[in-house]
$ cat start.txt   # compact mmCIF, C-alpha atoms
# COMPACT_ATOMS: atom_id res chain seq x y z
CA MET A 1 20.78 14.17 -57.02
CA SER A 2 18.79 11.00 -56.35
CA PHE A 3 15.39 10.42 -57.95
CA GLU A 4 13.61 10.56 -54.57
CA LEU A 5 15.24 13.84 -53.49
CA PHE A 6 14.55 15.45 -56.90
CA VAL A 7 10.84 14.58 -56.75
CA GLY A 8 10.59 15.55 -53.06
CA LEU A 9 12.04 19.02 -53.67
CA ARG A 10 9.66 19.52 -56.61
CA TYR A 11 6.74 18.66 -54.32
CA LEU A 12 7.86 21.26 -51.75
CA ARG A 13 7.84 23.97 -54.46
CA ALA A 14 4.08 23.99 -54.93
CA ARG A 15 2.42 25.43 -58.01
CA ARG A 16 -0.24 28.16 -57.88
CA LYS A 17 -3.15 25.81 -57.27
CA GLN A 18 -1.21 24.16 -54.42
CA ALA A 19 -0.22 27.41 -52.70
CA PHE A 20 -2.00 26.38 -49.50
CA ILE A 21 0.37 23.43 -49.07
CA SER A 22 3.30 25.80 -49.58
CA VAL A 23 1.99 28.07 -46.80
CA ILE A 24 1.64 25.09 -44.44
CA THR A 25 5.23 24.10 -45.28
CA VAL A 26 6.48 27.59 -44.37
CA ILE A 27 4.53 27.44 -41.10
CA SER A 28 6.10 24.05 -40.31
CA VAL A 29 9.59 25.40 -40.96
CA ALA A 30 8.83 28.44 -38.79
CA GLY A 31 7.56 26.20 -35.97
CA VAL A 32 10.78 24.15 -35.92
CA MET A 33 12.85 27.35 -36.16
CA LEU A 34 11.11 29.00 -33.19
CA GLY A 35 11.39 25.85 -31.10
CA VAL A 36 15.11 25.52 -31.79
CA MET A 37 15.67 29.24 -31.12
CA ALA A 38 13.85 29.08 -27.79
CA MET A 39 15.70 25.95 -26.73
CA MET A 40 19.09 27.38 -27.69
CA VAL A 41 18.59 30.71 -25.90
CA VAL A 42 17.17 29.16 -22.73
CA LEU A 43 19.91 26.51 -22.46
CA ALA A 44 22.58 29.16 -23.16
CA VAL A 45 21.18 31.33 -20.37
CA MET A 46 20.96 28.38 -17.96
CA THR A 47 24.54 27.35 -18.77
CA GLY A 48 25.74 30.95 -18.45
CA PHE A 49 23.96 31.34 -15.14
CA GLY A 50 25.62 28.21 -13.72
CA THR A 51 29.05 29.18 -15.06
CA ASP A 52 28.79 32.75 -13.79
CA ILE A 53 27.63 31.69 -10.33
CA LYS A 54 30.39 29.07 -10.17
CA SER A 55 33.09 31.60 -11.09
CA LYS A 56 31.82 34.06 -8.49
CA ILE A 57 31.62 31.40 -5.78
CA LEU A 58 35.17 30.26 -6.55
CA GLY A 59 36.27 33.89 -6.72
CA ALA A 60 35.31 34.41 -3.07
CA ASN A 61 35.83 30.89 -1.73
CA ALA A 62 38.73 28.46 -1.92
CA HIS A 63 38.51 25.07 -3.60
CA ILE A 64 39.14 23.28 -0.29
CA ARG A 65 39.04 24.36 3.35
CA VAL A 66 41.15 22.46 5.86
CA MET A 67 40.04 22.75 9.49
CA SER A 68 40.99 21.25 12.82
CA ARG A 69 38.49 19.27 14.89
CA SER A 70 39.56 21.37 17.88
CA GLY A 71 38.24 24.53 16.17
CA LYS A 72 41.56 26.23 15.45
CA ILE A 73 45.01 25.47 14.02
CA ASP A 74 47.95 26.53 16.19
CA HIS A 75 50.96 25.85 13.95
CA HIS A 76 49.41 26.73 10.64
CA LYS A 77 52.68 27.43 8.78
CA GLU A 78 53.87 23.87 9.31
CA VAL A 79 50.45 22.54 8.29
CA MET A 80 50.51 24.63 5.09
CA LYS A 81 53.90 23.19 4.13
CA LYS A 82 52.54 19.66 4.50
CA ILE A 83 49.46 20.50 2.40
CA GLU A 84 51.52 22.13 -0.36
CA ALA A 85 53.53 18.91 -0.66
CA VAL A 86 50.38 16.98 -1.69
CA ASP A 87 49.98 16.28 -5.41
CA GLY A 88 47.36 18.50 -7.05
CA VAL A 89 47.68 21.36 -4.55
CA LYS A 90 48.55 24.70 -6.15
CA ALA A 91 48.60 27.15 -3.21
CA THR A 92 47.50 27.58 0.40
CA ALA A 93 46.60 30.50 2.66
CA PRO A 94 45.45 30.82 6.30
CA TYR A 95 42.09 32.31 7.15
CA ILE A 96 39.94 33.36 10.08
CA TYR A 97 36.17 33.30 9.88
CA SER A 98 33.76 34.78 12.42
CA GLN A 99 30.39 36.46 12.75
CA VAL A 100 30.57 40.02 14.08
CA MET A 101 28.59 43.25 14.29
CA LEU A 102 29.66 46.37 12.39
CA ARG A 103 28.74 49.88 13.52
CA HIS A 104 29.18 53.20 11.78
CA GLY A 105 27.37 56.19 13.20
CA SER A 106 23.75 55.10 13.68
CA GLY A 107 24.09 52.18 11.23
CA VAL A 108 24.51 48.66 12.59
CA SER A 109 24.69 45.42 10.62
CA GLY A 110 25.78 41.84 11.09
CA ALA A 111 28.70 40.67 8.96
CA LEU A 112 30.97 37.73 8.28
CA LEU A 113 34.49 38.78 9.17
CA ARG A 114 37.19 37.10 7.13
CA GLY A 115 40.78 37.41 8.20
CA ILE A 116 43.14 36.82 5.26
CA ASP A 117 46.86 36.93 4.59
CA PRO A 118 47.13 39.66 1.90
CA SER A 119 50.40 38.21 0.58
CA ARG A 120 48.92 34.73 0.01
CA ALA A 121 45.13 35.16 -0.38
CA GLY A 122 45.40 36.24 -4.03
CA ARG A 123 46.98 32.88 -4.90
CA VAL A 124 44.03 30.93 -3.51
CA VAL A 125 40.94 33.07 -4.24
CA ASP A 126 40.41 35.57 -7.04
CA LEU A 127 39.83 38.63 -4.87
CA GLU A 128 41.67 41.02 -7.17
CA LYS A 129 38.69 41.06 -9.59
CA SER A 130 36.27 41.88 -6.77
CA VAL A 131 38.50 44.47 -5.08
CA LYS A 132 39.34 46.39 -8.24
CA ASP A 133 40.51 49.75 -6.93
CA THR A 134 42.36 48.52 -3.83
CA ASP A 135 45.52 46.52 -3.31
CA LEU A 136 45.01 43.76 -0.74
CA ARG A 137 48.37 44.65 0.80
CA VAL A 138 46.84 47.76 2.38
CA LEU A 139 45.26 45.41 4.94
CA SER A 140 48.67 44.41 6.24
CA GLY A 141 49.78 48.01 6.81
CA GLU A 142 50.80 49.26 10.22
CA GLY A 143 48.28 52.05 10.21
CA VAL A 144 46.15 52.91 13.22
CA PRO A 145 43.32 52.03 13.01
CA PRO A 146 43.95 48.91 10.83
CA GLY A 147 42.28 48.62 7.43
CA ILE A 148 39.08 46.79 6.49
CA ILE A 149 37.47 46.03 3.10
CA LEU A 150 33.66 46.01 3.11
CA GLY A 151 31.23 44.43 0.68
CA LYS A 152 29.60 46.99 -1.59
CA GLU A 153 26.07 46.37 -0.27
CA LEU A 154 27.31 46.20 3.32
CA SER A 155 28.95 49.56 2.79
CA ARG A 156 25.63 51.02 1.65
CA LEU A 157 23.79 49.55 4.62
CA LEU A 158 26.24 51.17 7.03
CA ALA A 159 26.77 54.32 4.93
CA ALA A 160 30.48 53.66 5.43
CA TYR A 161 32.77 54.39 2.50
CA PRO A 162 36.55 54.42 1.95
CA GLY A 163 38.13 56.76 4.49
CA ASP A 164 35.39 56.26 7.11
CA GLU A 165 35.97 54.48 10.40
CA VAL A 166 33.82 51.59 11.60
CA TYR A 167 33.69 49.57 14.81
CA ILE A 168 33.71 45.78 14.87
CA VAL A 169 31.89 44.28 17.84
CA SER A 170 32.73 40.65 18.54
CA PRO A 171 31.14 38.39 21.17
CA PHE A 172 34.39 36.43 21.32
CA GLY A 173 37.42 37.50 23.29
CA GLY A 174 35.66 40.06 25.51
CA SER A 175 36.42 40.51 29.20
CA LEU A 176 34.36 38.98 32.01
CA THR A 177 32.13 41.11 34.24
CA PRO A 178 31.97 40.71 38.07
CA ILE A 179 28.69 38.82 37.76
CA GLY A 180 30.08 36.30 35.25
CA GLY A 181 28.87 37.90 32.02
CA ARG A 182 31.06 38.84 29.09
CA ILE A 183 31.57 42.29 27.61
CA PRO A 184 31.79 42.15 23.80
CA HIS A 185 35.16 43.16 22.40
CA MET A 186 35.12 46.28 20.20
CA LYS A 187 37.82 47.55 17.86
CA LYS A 188 38.05 50.46 15.41
CA PHE A 189 38.91 49.88 11.72
CA LYS A 190 39.32 52.20 8.74
CA VAL A 191 37.56 51.38 5.47
CA VAL A 192 40.27 51.12 2.79
CA GLY A 193 38.29 49.55 -0.03
CA LEU A 194 35.06 47.94 -1.24
CA PHE A 195 34.39 44.37 -2.30
CA ASP A 196 32.13 43.84 -5.35
CA SER A 197 31.71 40.19 -6.37
CA GLY A 198 28.42 40.68 -8.20
CA MET A 199 26.65 38.33 -5.75
CA TYR A 200 24.34 40.17 -3.40
CA ASP A 201 24.71 37.69 -0.52
CA TYR A 202 28.49 38.07 -0.49
CA ASP A 203 28.52 41.83 -1.03
CA ALA A 204 26.00 42.38 1.78
CA SER A 205 27.80 40.28 4.39
CA PHE A 206 31.57 39.95 3.83
CA ALA A 207 34.19 42.14 5.48
CA TYR A 208 37.92 41.48 5.05
CA VAL A 209 40.74 42.30 7.47
CA SER A 210 44.27 40.97 7.85
CA VAL A 211 44.89 37.75 9.77
CA GLU A 212 46.84 39.66 12.42
CA SER A 213 43.98 42.11 13.01
CA ALA A 214 41.46 39.25 13.26
CA GLN A 215 43.71 37.39 15.70
CA GLN A 216 43.91 40.46 17.94
CA LEU A 217 40.17 41.10 17.74
CA LEU A 218 39.20 37.51 18.54
CA ARG A 219 42.08 36.92 20.97
CA LEU A 220 43.36 33.92 19.02
CA GLY A 221 47.07 34.49 19.59
CA GLN A 222 48.93 32.96 16.61
CA SER A 223 46.13 30.50 15.75
CA VAL A 224 43.84 30.53 12.71
CA HIS A 225 40.50 28.89 12.05
CA GLY A 226 41.62 27.03 8.95
CA ILE A 227 43.63 26.89 5.75
CA GLU A 228 42.29 27.58 2.27
CA VAL A 229 43.63 25.43 -0.56
CA LYS A 230 43.66 25.94 -4.33
CA VAL A 231 43.96 22.86 -6.54
CA ASP A 232 44.95 22.34 -10.17
CA ASP A 233 41.71 20.57 -11.14
CA ILE A 234 38.55 21.99 -9.54
CA TYR A 235 36.59 18.85 -10.45
CA GLY A 236 39.17 16.60 -8.79
CA VAL A 237 38.91 18.20 -5.34
CA ASP A 238 37.50 15.04 -3.79
CA GLY A 239 40.68 13.07 -4.45
CA VAL A 240 42.91 15.93 -3.31
CA SER A 241 40.86 16.26 -0.10
CA ARG A 242 41.44 12.59 0.71
CA SER A 243 45.17 12.97 0.05
CA VAL A 244 45.34 16.01 2.36
CA LEU A 245 43.57 14.13 5.15
CA ASP A 246 45.89 11.15 4.72
CA CYS A 247 48.82 13.54 5.09
CA LEU A 248 47.53 15.49 8.12
CA GLY A 249 45.81 12.73 10.06
CA PRO A 250 42.44 12.34 11.83
CA ALA A 251 42.78 15.59 13.79
CA PHE A 252 41.74 17.53 10.67
CA TRP A 253 38.77 17.58 8.33
CA THR A 254 38.11 19.17 4.95
CA GLN A 255 35.27 20.76 3.01
CA ASP A 256 35.46 21.38 -0.73
CA TRP A 257 33.53 23.81 -2.93
CA MET A 258 31.29 21.06 -4.33
CA GLN A 259 30.17 20.02 -0.84
CA MET A 260 29.53 23.62 0.20
CA ASN A 261 27.33 24.29 -2.86
CA LYS A 262 26.06 20.79 -3.67
CA ASN A 263 22.35 21.54 -3.29
CA PHE A 264 22.55 24.73 -5.34
CA PHE A 265 24.33 23.17 -8.33
CA SER A 266 22.16 20.04 -8.18
CA ALA A 267 19.03 22.22 -8.36
CA LEU A 268 20.53 24.22 -11.23
CA LYS A 269 21.33 21.04 -13.19
CA LEU A 270 17.84 19.65 -12.61
CA GLU A 271 16.27 22.94 -13.71
CA LYS A 272 18.28 22.91 -16.95
CA THR A 273 17.16 19.33 -17.68
CA VAL A 274 13.51 20.15 -17.00
CA MET A 275 13.67 23.26 -19.21
CA PHE A 276 15.13 21.15 -22.03
CA ILE A 277 12.25 18.66 -21.75
CA ILE A 278 9.64 21.44 -21.68
CA LEU A 279 11.12 23.16 -24.73
CA VAL A 280 11.18 19.89 -26.66
CA LEU A 281 7.37 20.13 -26.53
CA ILE A 282 7.58 23.23 -28.73
CA ILE A 283 9.37 21.19 -31.40
CA LEU A 284 6.80 18.42 -30.95
CA VAL A 285 4.07 20.94 -31.80
CA ALA A 286 6.04 21.83 -34.93
CA ALA A 287 6.29 18.09 -35.69
CA PHE A 288 2.50 17.87 -35.81
CA ASN A 289 2.61 20.63 -38.42
CA ILE A 290 5.05 18.51 -40.42
CA ILE A 291 2.68 15.51 -40.16
CA SER A 292 -0.29 17.57 -41.38
CA THR A 293 1.76 19.07 -44.21
CA LEU A 294 2.84 15.65 -45.45
CA ILE A 295 -0.66 14.15 -45.13
CA MET A 296 -2.10 17.01 -47.20
CA MET A 297 0.74 16.60 -49.70
CA VAL A 298 0.03 12.86 -50.00
CA MET A 299 -3.67 13.60 -50.61
CA GLU A 300 -2.78 16.21 -53.22
CA LYS A 301 -0.22 13.98 -54.95
CA THR A 302 -2.32 10.79 -55.05
CA LYS A 303 -2.40 10.76 -58.87
CA ASP A 304 1.32 11.48 -59.10
CA ILE A 305 2.09 8.63 -56.72
CA ALA A 306 -0.06 6.27 -58.77
CA VAL A 307 1.71 7.30 -61.99
CA LEU A 308 5.15 6.88 -60.39
CA LYS A 309 4.23 3.41 -59.16
CA SER A 310 2.84 2.49 -62.56
CA MET A 311 6.16 3.54 -64.12
CA GLY A 312 8.07 1.24 -61.78
CA ALA A 313 8.73 3.28 -58.62
CA SER A 314 8.86 0.99 -55.57
CA SER A 315 6.97 1.53 -52.33
CA LYS A 316 10.33 2.17 -50.67
CA SER A 317 11.08 5.01 -53.10
CA ILE A 318 7.65 6.60 -52.54
CA MET A 319 8.15 6.41 -48.78
CA LYS A 320 11.62 7.90 -49.15
CA ILE A 321 10.26 10.87 -51.17
CA PHE A 322 7.96 12.03 -48.37
CA MET A 323 10.47 11.23 -45.63
CA LEU A 324 12.96 13.48 -47.40
CA ASP A 325 10.31 16.20 -47.62
CA GLY A 326 9.80 16.09 -43.87
CA LEU A 327 13.54 15.98 -43.20
CA VAL A 328 14.11 19.01 -45.45
CA ILE A 329 11.52 20.93 -43.42
CA GLY A 330 13.17 19.83 -40.15
CA VAL A 331 16.74 20.53 -41.28
CA VAL A 332 15.92 23.95 -42.76
CA GLY A 333 13.98 24.92 -39.62
CA THR A 334 16.81 23.67 -37.39
CA ILE A 335 19.48 25.59 -39.31
CA LEU A 336 17.43 28.81 -39.28
CA GLY A 337 16.69 28.30 -35.57
CA LEU A 338 20.36 27.80 -34.72
CA MET A 339 21.29 30.90 -36.72
CA GLY A 340 18.57 32.99 -35.07
CA GLY A 341 19.43 31.64 -31.62
CA SER A 342 23.12 32.40 -32.14
CA VAL A 343 22.34 35.98 -33.15
CA LEU A 344 20.02 36.47 -30.18
CA CYS A 345 22.59 35.00 -27.76
CA PHE A 346 25.25 37.30 -29.20
CA LEU A 347 23.04 40.35 -28.74
CA LEU A 348 22.16 39.34 -25.17
CA LYS A 349 25.81 38.86 -24.30
CA ARG A 350 27.10 41.94 -26.10
CA TYR A 351 24.56 44.57 -25.08
CA GLU A 352 23.15 43.07 -21.82
CA PHE A 353 19.76 44.70 -22.40
CA VAL A 354 18.03 42.34 -19.95
CA LYS A 355 18.63 43.52 -16.37
CA LEU A 356 17.93 41.44 -13.26
CA PRO A 357 17.54 42.43 -9.60
CA SER A 358 20.82 41.21 -8.08
CA ASP A 359 19.31 40.61 -4.63
CA VAL A 360 16.97 38.00 -6.13
CA TYR A 361 19.00 36.35 -8.89
CA TYR A 362 22.54 36.78 -7.47
CA ILE A 363 23.55 38.52 -10.71
CA SER A 364 22.64 41.83 -12.33
CA THR A 365 22.56 40.88 -16.04
CA LEU A 366 21.41 37.86 -18.02
CA PRO A 367 24.48 35.63 -18.56
CA VAL A 368 24.80 33.75 -21.87
CA ARG A 369 27.15 30.87 -22.60
CA VAL A 370 26.71 28.74 -25.73
CA GLN A 371 28.20 25.26 -25.46
CA VAL A 372 28.92 23.10 -28.50
CA VAL A 373 27.44 20.07 -26.72
CA ASP A 374 24.14 21.90 -26.19
CA VAL A 375 24.00 23.05 -29.83
CA VAL A 376 24.62 19.51 -31.12
CA LEU A 377 22.03 18.08 -28.72
CA ILE A 378 19.43 20.66 -29.82
CA ALA A 379 20.10 20.03 -33.52
CA LEU A 380 19.95 16.24 -33.17
CA SER A 381 16.75 16.43 -31.10
CA ALA A 382 14.98 18.69 -33.61
CA ILE A 383 16.01 16.60 -36.63
CA ALA A 384 15.13 13.33 -34.88
CA ILE A 385 11.64 14.60 -33.98
CA SER A 386 11.16 15.87 -37.54
CA PHE A 387 12.21 12.47 -38.90
CA LEU A 388 9.79 10.61 -36.63
CA ALA A 389 7.01 12.91 -37.79
CA THR A 390 7.53 11.76 -41.40
CA LEU A 391 7.07 8.04 -40.75
CA TYR A 392 3.27 7.75 -40.71
CA PRO A 393 2.48 9.96 -43.76
CA SER A 394 5.31 8.36 -45.75
CA TYR A 395 4.15 4.87 -44.88
CA GLN A 396 0.58 5.70 -45.95
CA ALA A 397 1.88 7.09 -49.26
CA SER A 398 3.89 3.90 -49.93
CA ARG A 399 0.80 1.72 -49.41
CA LEU A 400 -1.23 3.54 -52.08
CA ASP A 401 -2.66 1.20 -54.73
CA PRO A 402 -2.07 2.78 -58.17
CA ALA A 403 -5.05 0.98 -59.78
CA ALA A 404 -7.43 2.35 -57.14
CA ALA A 405 -5.96 5.85 -57.41
CA ILE A 406 -6.42 6.22 -61.21
CA ARG A 407 -9.50 4.06 -61.66
CA TYR A 408 -11.81 6.98 -62.39
CA GLU A 409 -9.32 9.15 -64.31
$ encode --input "start.txt" --output "structure tokens"
Amino acid sequence: MSFELFVGLRYLRARRKQAFISVITVISVAGVMLGVMAMMVVLAVMTGFGTDIKSKILGANAHIRVMSRSGKIDHHKEVMKKIEAVDGVKATAPYIYSQVMLRHGSGVSGALLRGIDPSRAGRVVDLEKSVKDTDLRVLSGEGVPPGIILGKELSRLLAAYPGDEVYIVSPFGGSLTPIGGRIPHMKKFKVVGLFDSGMYDYDASFAYVSVESAQQLLRLGQSVHGIEVKVDDIYGVDGVSRSVLDCLGPAFWTQDWMQMNKNFFSALKLEKTVMFIILVLIILVAAFNIISTLIMMVMEKTKDIAVLKSMGASSKSIMKIFMLDGLVIGVVGTILGLMGGSVLCFLLKRYEFVKLPSDVYYISTLPVRVQVVDVVLIALSAIAISFLATLYPSYQASRLDPAAAIRYE
């Protein structure tokens, strides 16, 4: 152990007459610990929120959507073969997307009708997790009426549950009246399952049917509205999109998951950054405690500093003693804060005792995800602030004149 560290640790262990300094030291450690704990928990929740929302969005939406500028794709099987030949593409599936009205008894609600190919949709979007008790293949059955899967919240709004029959009313594909108007097309469907993604907006609006049923309802013939694409690297969708367009030509256009949710994820990233900056202020408050502790310690140890200098200790060594004192406070507080934050994050994740209204926050429980990068950033920030807090008191201690300090002793 170096001379400076040995003396610094002795100064932190105050004797009975210096108990007040010891109390201030404990308060300084506690301040750093609480700041680190708060920062760790908040950043873990923000990261978990973004990760959870991202997984749910990608569970209900494809990585890339390929659409025709004419509004529909006539020979979608040939187009899918061309897309699957592009590097980075993992799977494709056709889809139909339309706004409709659903009616069951006296309940009426608007919905987003999604026609999917049950044999291919599972390769592109992760619907199996959302439709837990139902096999998607029931949508492709030959039953009369055909099957439909409703969002959980949409099912509650309509009071329509598995086994009930609902009517889909579409403004597209209806017959013309003698005066030139159009009668909405209506078709009966049987509820064969419920969709529960955990996101209120999706669960309150989505309804799934087979592509064939959607084509008949909307009078599309063999056409579809677009093709959903799954890629190997979700963060490389931009390059894959360009390759798909180069392959298909100018008659098509694409939209990836980043473009569809750009504003949301940008706001989430900005909020996480702002929360980090705000929570750094808590550690700054603890840093002022470190400054006051060291200043009081320097005042208390004036005679000791004078004796050390008289015995040959350099100003650099004196400065190093008090810098090490401040760093010990910062490091101990940081370690305790990281330990406490880890325990609290574990409890939040394991027992989920914080509940959220899903219609406001998209999710029902507080998500927690601890990233190594965040932990390292928190630790470095806390230790750096603690180190900066030691500079002024340590510099003042190093400038002490030993002759002036012991003149009247």
$ residues_around --input "start.txt" --residues "Ile385 in chain A" --least-positions-apart "4" --cutoff "9 Å" --atoms "only C-alpha atoms" --output "PyMOL selection string"
chain A and resi 283-284+287+330+380-381+389-390
$ write_last_selection --input "start.txt" --atoms "C-alpha atoms" --output "PDB file, in the coordinates of the input"
ATOM      1  CA  ILE A 283       9.370  21.190 -31.400  1.00  0.00           C
ATOM      2  CA  LEU A 284       6.800  18.420 -30.950  1.00  0.00           C
ATOM      3  CA  ALA A 287       6.290  18.090 -35.690  1.00  0.00           C
ATOM      4  CA  GLY A 330      13.170  19.830 -40.150  1.00  0.00           C
ATOM      5  CA  LEU A 380      19.950  16.240 -33.170  1.00  0.00           C
ATOM      6  CA  SER A 381      16.750  16.430 -31.100  1.00  0.00           C
ATOM      7  CA  ALA A 389       7.010  12.910 -37.790  1.00  0.00           C
ATOM      8  CA  THR A 390       7.530  11.760 -41.400  1.00  0.00           C
TER       9      THR A 390
END
$ residues_around --input "start.txt" --residues "range 155-168 of chain A" --least-positions-apart "4" --cutoff "9 Å" --atoms "all atoms listed in the file" --output "VMD selection string"
chain A and resid 100 to 109 145 148 to 151 185 to 194 203 to 204 217
$ closest_atom_pairs --input "start.txt" --of "range 207-309 of chain A" --to "range 77-98 of chain A" --cutoff "8 Å" --atoms "all atoms listed in the file" --output "CSV"
residue,atom,partner,partner_atom,distance
A:Val211,CA,A:Ile96,CA,6.6
A:Ala214,CA,A:Ile96,CA,6.9
A:Gln215,CA,A:Ile96,CA,7.9
A:Val224,CA,A:Ile96,CA,5.5
A:His225,CA,A:Ile96,CA,4.9
A:Gly226,CA,A:Tyr95,CA,5.6
A:Ile227,CA,A:Pro94,CA,4.4
A:Glu228,CA,A:Ala93,CA,5.2
A:Val229,CA,A:Thr92,CA,4.5
A:Lys230,CA,A:Ala91,CA,5.2
A:Val231,CA,A:Val89,CA,4.5
A:Asp232,CA,A:Gly88,CA,5.5
A:Asp233,CA,A:Gly88,CA,7.3
A:Val240,CA,A:Gly88,CA,6.4
A:Ser243,CA,A:Val86,CA,6.8
A:Val244,CA,A:Ile83,CA,6.1
A:Cys247,CA,A:Lys82,CA,7.2
A:Leu248,CA,A:Lys82,CA,7.5
$ atom_distance --input "start.txt" --atom1 "CA of Ala286 in chain A" --atom2 "CA of Val32 in chain A"
5.4 Å
$ residues_around --input "start.txt" --residues "Met40 in chain A" --least-positions-apart "5" --cutoff "10 Å" --atoms "only C-alpha atoms" --output "VMD selection string"
chain A and resid 34 to 35 45 to 46 276 279 337 to 342 344 to 345 370 to 371 374 to 375 377 to 379
$ atom_distance --input "start.txt" --atom1 "CA of Asp117 in chain A" --atom2 "CA of Arg65 in chain A"
14.9 Å
$ residues_near_point --input "start.txt" --point "(7.9, 7.4, -60.5)" --cutoff "12 Å" --atoms "only C-alpha atoms" --output "count of residues only"
27
$ axis_aligned_box --input "start.txt" --around "range 288-302 of chain A" --padding-each-side "5 Å" --output "lines of an AutoDock Vina configuration file"
center_x = 0.7
center_y = 15.7
center_z = -45.4
size_x = 18.7
size_y = 19.8
size_z = 29.2
$ closest_residue --input "start.txt" --among "A:Ala397, A:Leu9, A:Ile24, A:Leu58" --to "Ile234 in chain A" --atoms "all atoms listed in the file"
A:Leu58
$ atom_distance --input "start.txt" --atom1 "CA of Lys152 in chain A" --atom2 "CA of Ser55 in chain A"
18.4 Å
$ closest_residue --input "start.txt" --among "A:Gly221, A:Leu127, A:Gly249, A:Ile53" --to "Val66 in chain A" --atoms "all atoms listed in the file"
A:Gly249
$ closest_residue --input "start.txt" --among "A:Val328, A:Val280, A:Ala267, A:Leu220" --to "Lys72 in chain A" --atoms "all atoms listed in the file"
A:Leu220
$ closest_residue --input "start.txt" --among "A:Ala251, A:Ala60, A:Val368, A:Leu112" --to "Val354 in chain A" --atoms "all atoms listed in the file"
A:Val368
$ closest_residue --input "start.txt" --among "A:Ala62, A:Ile290, A:Leu356, A:Ile278" --to "Ala121 in chain A" --atoms "all atoms listed in the file"
A:Ala62
$ residues_around --input "start.txt" --residues "Met260 in chain A" --least-positions-apart "2" --cutoff "12 Å" --atoms "only C-alpha atoms" --output "list in words"
Lys54, Ile57, Leu58, Asn61, Ala62, His63, Ile64, Arg65, Thr254, Gln255, Asp256, Trp257, Met258, Lys262, Asn263, Phe264, Phe265 and Ser266 of chain A
$ residues_around --input "start.txt" --residues "Leu388 in chain A" --least-positions-apart "4" --cutoff "10 Å" --atoms "only C-alpha atoms" --output "count of residues only"
9
$ closest_residue --input "start.txt" --among "A:Ser119, A:Gln222, A:Ser386, A:Ser213" --to "Val285 in chain A" --atoms "only C-alpha atoms"
A:Ser386
$ decode --input "start.txt" --residues "range 75-109 of chain A" --atoms "C-alpha atoms" --output "short mmCIF file (atom, residue, chain, number, x, y, z; two decimals), in the first residue's frame"
data_model
loop_
_atom_site.label_atom_id
_atom_site.label_comp_id
_atom_site.auth_asym_id
_atom_site.auth_seq_id
_atom_site.Cartn_x
_atom_site.Cartn_y
_atom_site.Cartn_z
CA HIS A 75 -48.97 -11.62 -59.59
CA HIS A 76 -47.74 -11.68 -56.04
CA LYS A 77 -46.26 -15.21 -56.14
CA GLU A 78 -43.82 -14.24 -58.87
CA VAL A 79 -42.96 -11.04 -57.00
CA MET A 80 -42.30 -13.01 -53.79
CA LYS A 81 -39.88 -15.31 -55.62
CA LYS A 82 -37.92 -12.31 -56.87
CA ILE A 83 -37.79 -10.78 -53.38
CA GLU A 84 -36.65 -14.03 -51.76
CA ALA A 85 -33.72 -14.12 -54.18
CA VAL A 86 -32.37 -10.84 -52.74
CA ASP A 87 -29.47 -11.15 -50.28
CA GLY A 88 -30.53 -10.57 -46.68
CA VAL A 89 -34.17 -11.61 -47.19
CA LYS A 90 -35.28 -14.45 -44.91
CA ALA A 91 -38.98 -14.94 -45.78
CA THR A 92 -41.93 -13.30 -47.50
CA ALA A 93 -45.72 -13.43 -47.17
CA PRO A 94 -48.62 -11.67 -48.94
CA TYR A 95 -51.00 -9.45 -47.02
CA ILE A 96 -54.18 -7.44 -47.41
CA TYR A 97 -54.84 -4.37 -45.31
CA SER A 98 -58.12 -2.47 -45.08
CA GLN A 99 -60.28 -0.46 -42.71
CA VAL A 100 -63.66 -2.06 -41.99
CA MET A 101 -66.53 -2.02 -39.52
CA LEU A 102 -67.25 -4.99 -37.24
CA ARG A 103 -70.70 -5.71 -35.84
CA HIS A 104 -71.80 -8.22 -33.24
CA GLY A 105 -75.28 -7.87 -31.81
CA SER A 106 -75.63 -4.23 -30.76
CA GLY A 107 -71.84 -3.68 -30.66
CA VAL A 108 -70.15 -1.88 -33.54
CA SER A 109 -66.50 -0.91 -33.85
#
